[in-house]
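I have placed the structure first, in the form of structure tokens, so that the comments after it can refer back to it.
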Amino acid sequence: MSRLFKTFVCSTALLTCLTVPAAADEAALRQEVEDLRARLTKLEAMLKKVDTKVETAQNTANSAKASAGTTKVGDVNIAWSNGHPKFSNADGSSTLEIHGRMQLDAQFFDDDMRDYPDGTDLRRLWVGVKGKVANDFGYAFVTDLSASSTIQDAFISYDGIKNTSFKLGNQTTPYMLEQQTGNLHQAFLERSLVHDAFYSGRLIGLTGHTWGDNWSFKGGVYGAGGTSDGTDDEQYSVGAGATFVPVKNETTTVHLGIAPRYAVPEASSDSFTYDAKPEASHTSTFRAVDTGAISSVDDTFSTSLEGLVLYKNVSLQAEYTDVSVDRFAGSPDADFDGYYVQASWFPTGENRSYSVRNGAMGRVVPNRDLSSDGWGAWELAVRYSAVDLTDANINGGEADTLTFSVGWYPYSNLRLLANYVMADVDNTATQTSDTVANDDVDIFGIRAQVDF
């Protein structure tokens, strides 16, 4: 009994010795797990706070970036946008932007048959406003202070439909790539003989405009530009312009276009006039070619074909225009035409931007302007243009020009330009006193240009 009791006591003691540490280890383990859980919960709370702070900081940074340079005055936001002031209401649904351009020219002539006047010229001094109203409506008003306050743009637009716009007022008509590109972004001082002879200028009318990823279409009906004297039915025209861009990638853009136009002259005159200067604005009333007023005109139909290739720092551009004049009262019909081809190269590596929506080229942005310790952008360009305004009993003359251009862009909105034009005019007779038979002339011109 005593042996059994001793054995029991020893066994119990042994079990106790083994059980107590095991129980102690389990309790410690459980406590450690609880501590870890508490720490994990605390870490999760801290991470949540960090995420919140990061998100807040990002939102603050984005807001600061969006409003950089913006001053709030009452309910009006004032910002500096693309080099000019922009005013907007609190939600940005209505805006007003002030913009302008100045082009100062000097031209010198080496004459053949007559004395063209050398001199300086304030070619353009445009000041205008543009903006939107309640998001869906837009407007623009631009006047040229260098030409007795000639109105340029004065229109209202509706832009509430995706990829579609309607424009009502005095505006550029959808005709010729040179015109759609705009005078700020031409490689030369003046547009080609073809444009000068056949483009009708800004007119009052209604234009519909729609576009996609690689095409655009504009079409409209137009009266005369400016104001009418009200003595008779004014001239009117119907025109359109369609463009297609089969290739557009990082290095290459290919643009093709066609622009037909039908026009009827003012009823009181039944006449149209086609003329062109020798690609120089400072020529007083002189013209290289001039049909004079063509009488007994029933209507005219013209077609312009255009092509453009932008490849890296090289561009190639060409247009051809044909105009058919339908006459009555036994007067013979007439047909005139003209074309130009041009090439441009940026040895500094730039090229013009291109807009599928507008179907035209845009601004040159130097890779390194003067503020970036660069030399700005340099452009070398050459153009050949020709126009023929002689047909049937109309002897308006023929002319062609070869123009060389050097352009320097210290900044994207500042340009210095030099052109040398060689004009060859072939007139066996003249329709008006503004032209001289077989009058060839060489022209050197320079321009300083800035816009905001």
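How things are named: the first chain in the structure tokens is A, the next is B, and so on; residues count from 1 in each chain; ligands count from 1 in the order shown.
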Please return, as a ChimeraX atom specification, all residues of segment 114-239 of chain A that DSSP assigns to strand (DSSP E) on the basis of the backbone. /A:119-133,137-144,150-161,164-171,203-211,215-222,236-239
Show me, as a list in words, the residues that have an atom within 7 Å of segment 378-382 of chain A when counting only C-alpha atoms, minus same-chain residues fewer than 5 positions from it.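 The contact residues come out as Ala187, Gln342, Ala343, Ser344, Trp345, Phe346, Pro347, Thr348, Thr403, Phe404, Ser405, Val406, Gly407, Trp408 and Tyr409 of chain A.
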For C-alpha atoms, I'd like the residues from the last selection saved as a PDB file, in the first residue's frame.
ATOM      1  CA  ALA A 187       5.409  79.536 -93.927  1.00  0.00           C
ATOM      2  CA  GLN A 342       5.477  74.069-101.547  1.00  0.00           C
ATOM      3  CA  ALA A 343       7.939  72.350 -99.236  1.00  0.00           C
ATOM      4  CA  SER A 344       9.097  73.193 -95.743  1.00  0.00           C
ATOM      5  CA  TRP A 345      11.992  71.878 -93.622  1.00  0.00           C
ATOM      6  CA  PHE A 346      12.885  72.527 -89.992  1.00  0.00           C
ATOM      7  CA  PRO A 347      16.638  71.901 -89.538  1.00  0.00           C
ATOM      8  CA  THR A 348      16.026  72.236 -85.781  1.00  0.00           C
ATOM      9  CA  THR A 403       9.230  82.235-103.314  1.00  0.00           C
ATOM     10  CA  PHE A 404      11.967  81.398-100.810  1.00  0.00           C
ATOM     11  CA  SER A 405      11.367  81.806 -97.084  1.00  0.00           C
ATOM     12  CA  VAL A 406      13.428  81.729 -93.883  1.00  0.00           C
ATOM     13  CA  GLY A 407      11.570  81.791 -90.591  1.00  0.00           C
ATOM     14  CA  TRP A 408      12.815  81.986 -87.010  1.00  0.00           C
ATOM     15  CA  TYR A 409      10.599  81.199 -84.015  1.00  0.00           C
TER      16      TYR A 409
END
Residues near Val364 of chain A, anyone? I mean within 8 Å using only C-alpha atoms, not counting same-chain ones fewer than 3 positions away, as a PDB file with C-alpha atoms, in the first residue's frame.
ATOM      1  CA  HIS A 185       0.922  79.670 -89.282  1.00  0.00           C
ATOM      2  CA  GLU A 350      10.186  70.804 -85.391  1.00  0.00           C
ATOM      3  CA  ASN A 351       7.066  70.567 -87.519  1.00  0.00           C
ATOM      4  CA  ARG A 352       3.663  72.173 -87.462  1.00  0.00           C
ATOM      5  CA  SER A 353       0.891  70.657 -85.419  1.00  0.00           C
ATOM      6  CA  ALA A 377      12.854  76.830 -84.289  1.00  0.00           C
ATOM      7  CA  TYR A 409      10.599  81.199 -84.015  1.00  0.00           C
ATOM      8  CA  SER A 412       5.938  79.701 -80.135  1.00  0.00           C
TER       9      SER A 412
END
I'd like the contact shell of Trp375 of chain A - 10 Å cut-off, only C-alpha atoms, skipping same-chain residues fewer than 5 positions apart - returned as an MDAnalysis selection string. chainID A and resid 348 366:370 408:411
Could you check which of A:Asn163, A:Asn183, A:Thr273, A:Gln107 is closest to Val450 of chain A, using only C-alpha atoms?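 Using only C-alpha atoms, Val450 of chain A sits closest to A:Asn183.
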Would you mind listing what lies within 6 Å of Tyr339 of chain A as a tab-separated table (two decimals) with C-alpha atoms, in the first residue's frame, with only C-alpha atoms counted and same-chain residues fewer than 5 positions away left out?
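Resulting contents of selection-v3.tsv:
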chain	number	residue	atom	x	y	z
A	194	VAL	CA	-4.10	81.05	-106.36
A	319	GLU	CA	-3.51	72.82	-104.10
A	320	TYR	CA	-5.21	73.11	-107.47
A	385	SER	CA	2.58	79.09	-107.68
A	386	ALA	CA	0.90	79.89	-110.97
Please determine, counting only C-alpha atoms, which residue among A:Thr252, A:Asn438, A:Ser237, A:Asn395 has the shortest atom-to-atom distance to Asp275 of chain A.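 Comparing A:Thr252, A:Asn438, A:Ser237, A:Asn395 against Asp275 of chain A, the winner is A:Asn395.
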Contacts of Tyr116 of chain A at 10 Å (only C-alpha atoms; same-chain gap of 5+ positions) as a VMD selection string: chain A and resid 107 to 111 282 to 284 286 441 443
Using C-alpha atoms, can you write the selected residues to a file as a PDB file, in the first residue's frame?
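result-v3.pdb written:
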ATOM      1  CA  GLN A 107       8.985  95.203 -98.536  1.00  0.00           C
ATOM      2  CA  PHE A 108      11.434  96.251-101.247  1.00  0.00           C
ATOM      3  CA  PHE A 109      10.909  95.866-105.015  1.00  0.00           C
ATOM      4  CA  ASP A 110      13.251  95.387-107.947  1.00  0.00           C
ATOM      5  CA  ASP A 111      10.964  96.529-110.742  1.00  0.00           C
ATOM      6  CA  HIS A 282       2.650  96.533-100.099  1.00  0.00           C
ATOM      7  CA  THR A 283       1.756  97.141-103.761  1.00  0.00           C
ATOM      8  CA  SER A 284      -0.871  99.857-103.418  1.00  0.00           C
ATOM      9  CA  PHE A 286      -1.247  97.320-108.384  1.00  0.00           C
ATOM     10  CA  VAL A 441       9.298  91.995-110.370  1.00  0.00           C
ATOM     11  CA  ILE A 443      10.465  91.338-104.011  1.00  0.00           C
TER      12      ILE A 443
END
According to DSSP computed on the backbone, where in segment 95-315 of chain A is there alpha helix (DSSP H)? Give the residues as an MDAnalysis selection string. chainID A and resid 177:181 193:198
Keeping N, CA and C atoms for every residue in the selection just given, could you write it to a file as a short mmCIF file (atom, residue, chain, number, x, y, z; two decimals), in the first residue's frame?
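Saved as result09.cif:
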data_model
loop_
_atom_site.label_atom_id
_atom_site.label_comp_id
_atom_site.auth_asym_id
_atom_site.auth_seq_id
_atom_site.Cartn_x
_atom_site.Cartn_y
_atom_site.Cartn_z
N LEU A 177 -7.03 74.99 -98.30
CA LEU A 177 -6.20 74.63 -97.16
C LEU A 177 -5.41 75.82 -96.64
N GLU A 178 -4.91 76.67 -97.54
CA GLU A 178 -4.16 77.86 -97.10
C GLU A 178 -5.00 78.73 -96.19
N GLN A 179 -6.30 78.89 -96.52
CA GLN A 179 -7.15 79.74 -95.71
C GLN A 179 -7.48 79.09 -94.37
N GLN A 180 -7.74 77.79 -94.36
CA GLN A 180 -8.10 77.10 -93.12
C GLN A 180 -6.93 77.11 -92.15
N THR A 181 -5.70 77.09 -92.65
CA THR A 181 -4.54 77.08 -91.77
C THR A 181 -4.37 78.41 -91.05
N LEU A 193 -0.57 83.01 -105.15
CA LEU A 193 -1.35 83.67 -106.19
C LEU A 193 -2.74 83.08 -106.32
N VAL A 194 -2.82 81.76 -106.18
CA VAL A 194 -4.10 81.05 -106.36
C VAL A 194 -5.10 81.50 -105.30
N HIS A 195 -4.66 81.57 -104.06
CA HIS A 195 -5.53 82.01 -102.98
C HIS A 195 -5.97 83.45 -103.21
N ASP A 196 -5.04 84.31 -103.58
CA ASP A 196 -5.35 85.72 -103.78
C ASP A 196 -6.37 85.90 -104.90
N ALA A 197 -6.25 85.10 -105.94
CA ALA A 197 -7.13 85.25 -107.10
C ALA A 197 -8.53 84.69 -106.86
N PHE A 198 -8.64 83.58 -106.11
CA PHE A 198 -9.91 82.84 -106.09
C PHE A 198 -10.61 82.79 -104.74
#
Atom CA of Glu250 of chain A to atom CA of Leu310 of chain A measures 10.2 Å
For Thr164 of chain A, which residue among A:Ser304, A:Thr207, A:Asn413, A:Asn89 is the nearest when counting only C-alpha atoms?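 Nearest to Thr164 of chain A: A:Thr207.
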